[in-house]
Amino acid sequence: MYHDYEHLIRHLLTYVECAACGQGFQLADIQVLGHENQFWLIMTECAHCANQAIILALLEIEQVSSPAPELSPAEQAQFRHQPPISPDDLREIHTHLQSANDLASLLSD
Ligand SMILES: [Zn+2]
């Protein structure tokens, strides 16, 4: 299961462009450092300009038969109609993480 998600995350990040030079990432440029539940820490290194970046990604897998029990019925109704994570969402997270000076400032936003 872990490796399936790792493959999915790496594949999704091939839709992200390097923030420094704008070139797209290849699978070889993307390394999953680890994960804690649905939070994944990924390092990218651009093959074109060697820019390195750390990406924090939230991977939520929809449970069709059994919704996550920690969500209230109102939250389930709210999130059921949210669009899936898009490449634009990942770019926004990537840009936000690159602008953060340290973890404390990142978490205070
Ligand atoms: Zn680059």
# chains A, B, ... in the order shown; residues from 1 in each chain; ligands from 1
>>> residues_around(residues="Cys21 (chain A)", least_positions_apart="6", cutoff="12 Å", atoms="only C-alpha atoms", output="MDAnalysis selection string")
chainID A and resid 45:52
>>> select_by_dssp(residues="region 23-103 of chain A", states="alpha helix (DSSP H)", output="PyMOL selection string")
chain A and resi 73-80+87-99+103
>>> write_last_selection(atoms="N, CA and C atoms", output="short mmCIF file (atom, residue, chain, number, x, y, z; two decimals), in the first residue's frame")
data_model
loop_
_atom_site.label_atom_id
_atom_site.label_comp_id
_atom_site.auth_asym_id
_atom_site.auth_seq_id
_atom_site.Cartn_x
_atom_site.Cartn_y
_atom_site.Cartn_z
N PRO A 73 -20.90 14.53 10.29
CA PRO A 73 -21.74 14.49 9.08
C PRO A 73 -21.68 15.79 8.28
N ALA A 74 -21.61 16.95 8.97
CA ALA A 74 -21.53 18.23 8.26
C ALA A 74 -20.22 18.35 7.49
N GLU A 75 -19.11 17.89 8.13
CA GLU A 75 -17.81 17.93 7.45
C GLU A 75 -17.79 16.97 6.26
N GLN A 76 -18.39 15.80 6.45
CA GLN A 76 -18.45 14.85 5.33
C GLN A 76 -19.19 15.47 4.15
N ALA A 77 -20.31 16.15 4.44
CA ALA A 77 -21.08 16.79 3.37
C ALA A 77 -20.27 17.88 2.70
N GLN A 78 -19.50 18.65 3.53
CA GLN A 78 -18.70 19.74 2.98
C GLN A 78 -17.59 19.19 2.08
N PHE A 79 -16.84 18.21 2.58
CA PHE A 79 -15.67 17.73 1.84
C PHE A 79 -16.06 16.84 0.66
N ARG A 80 -17.25 16.27 0.68
CA ARG A 80 -17.68 15.41 -0.41
C ARG A 80 -17.72 16.18 -1.73
N PRO A 87 -2.93 19.85 -10.04
CA PRO A 87 -1.54 20.30 -10.18
C PRO A 87 -1.36 21.75 -9.73
N ASP A 88 -2.38 22.61 -9.94
CA ASP A 88 -2.29 23.99 -9.48
C ASP A 88 -2.20 24.05 -7.95
N ASP A 89 -2.96 23.16 -7.26
CA ASP A 89 -2.88 23.11 -5.80
C ASP A 89 -1.46 22.77 -5.36
N LEU A 90 -0.87 21.79 -6.03
CA LEU A 90 0.49 21.37 -5.66
C LEU A 90 1.49 22.50 -5.92
N ARG A 91 1.30 23.22 -7.04
CA ARG A 91 2.19 24.35 -7.34
C ARG A 91 2.08 25.41 -6.25
N GLU A 92 0.83 25.67 -5.80
CA GLU A 92 0.62 26.69 -4.77
C GLU A 92 1.32 26.29 -3.47
N ILE A 93 1.20 25.01 -3.09
CA ILE A 93 1.87 24.52 -1.88
C ILE A 93 3.38 24.62 -2.05
N HIS A 94 3.84 24.23 -3.21
CA HIS A 94 5.28 24.27 -3.50
C HIS A 94 5.80 25.70 -3.34
N THR A 95 5.11 26.67 -3.94
CA THR A 95 5.53 28.07 -3.88
C THR A 95 5.50 28.58 -2.44
N HIS A 96 4.44 28.21 -1.72
CA HIS A 96 4.31 28.63 -0.33
C HIS A 96 5.45 28.08 0.52
N LEU A 97 5.78 26.82 0.34
CA LEU A 97 6.86 26.20 1.12
C LEU A 97 8.20 26.83 0.77
N GLN A 98 8.39 27.18 -0.48
CA GLN A 98 9.66 27.79 -0.87
C GLN A 98 9.83 29.18 -0.28
N SER A 99 8.71 29.88 -0.01
CA SER A 99 8.80 31.23 0.53
C SER A 99 8.96 31.22 2.04
N LEU A 103 10.36 26.30 9.71
CA LEU A 103 9.14 25.57 10.02
C LEU A 103 8.21 26.38 10.91
#
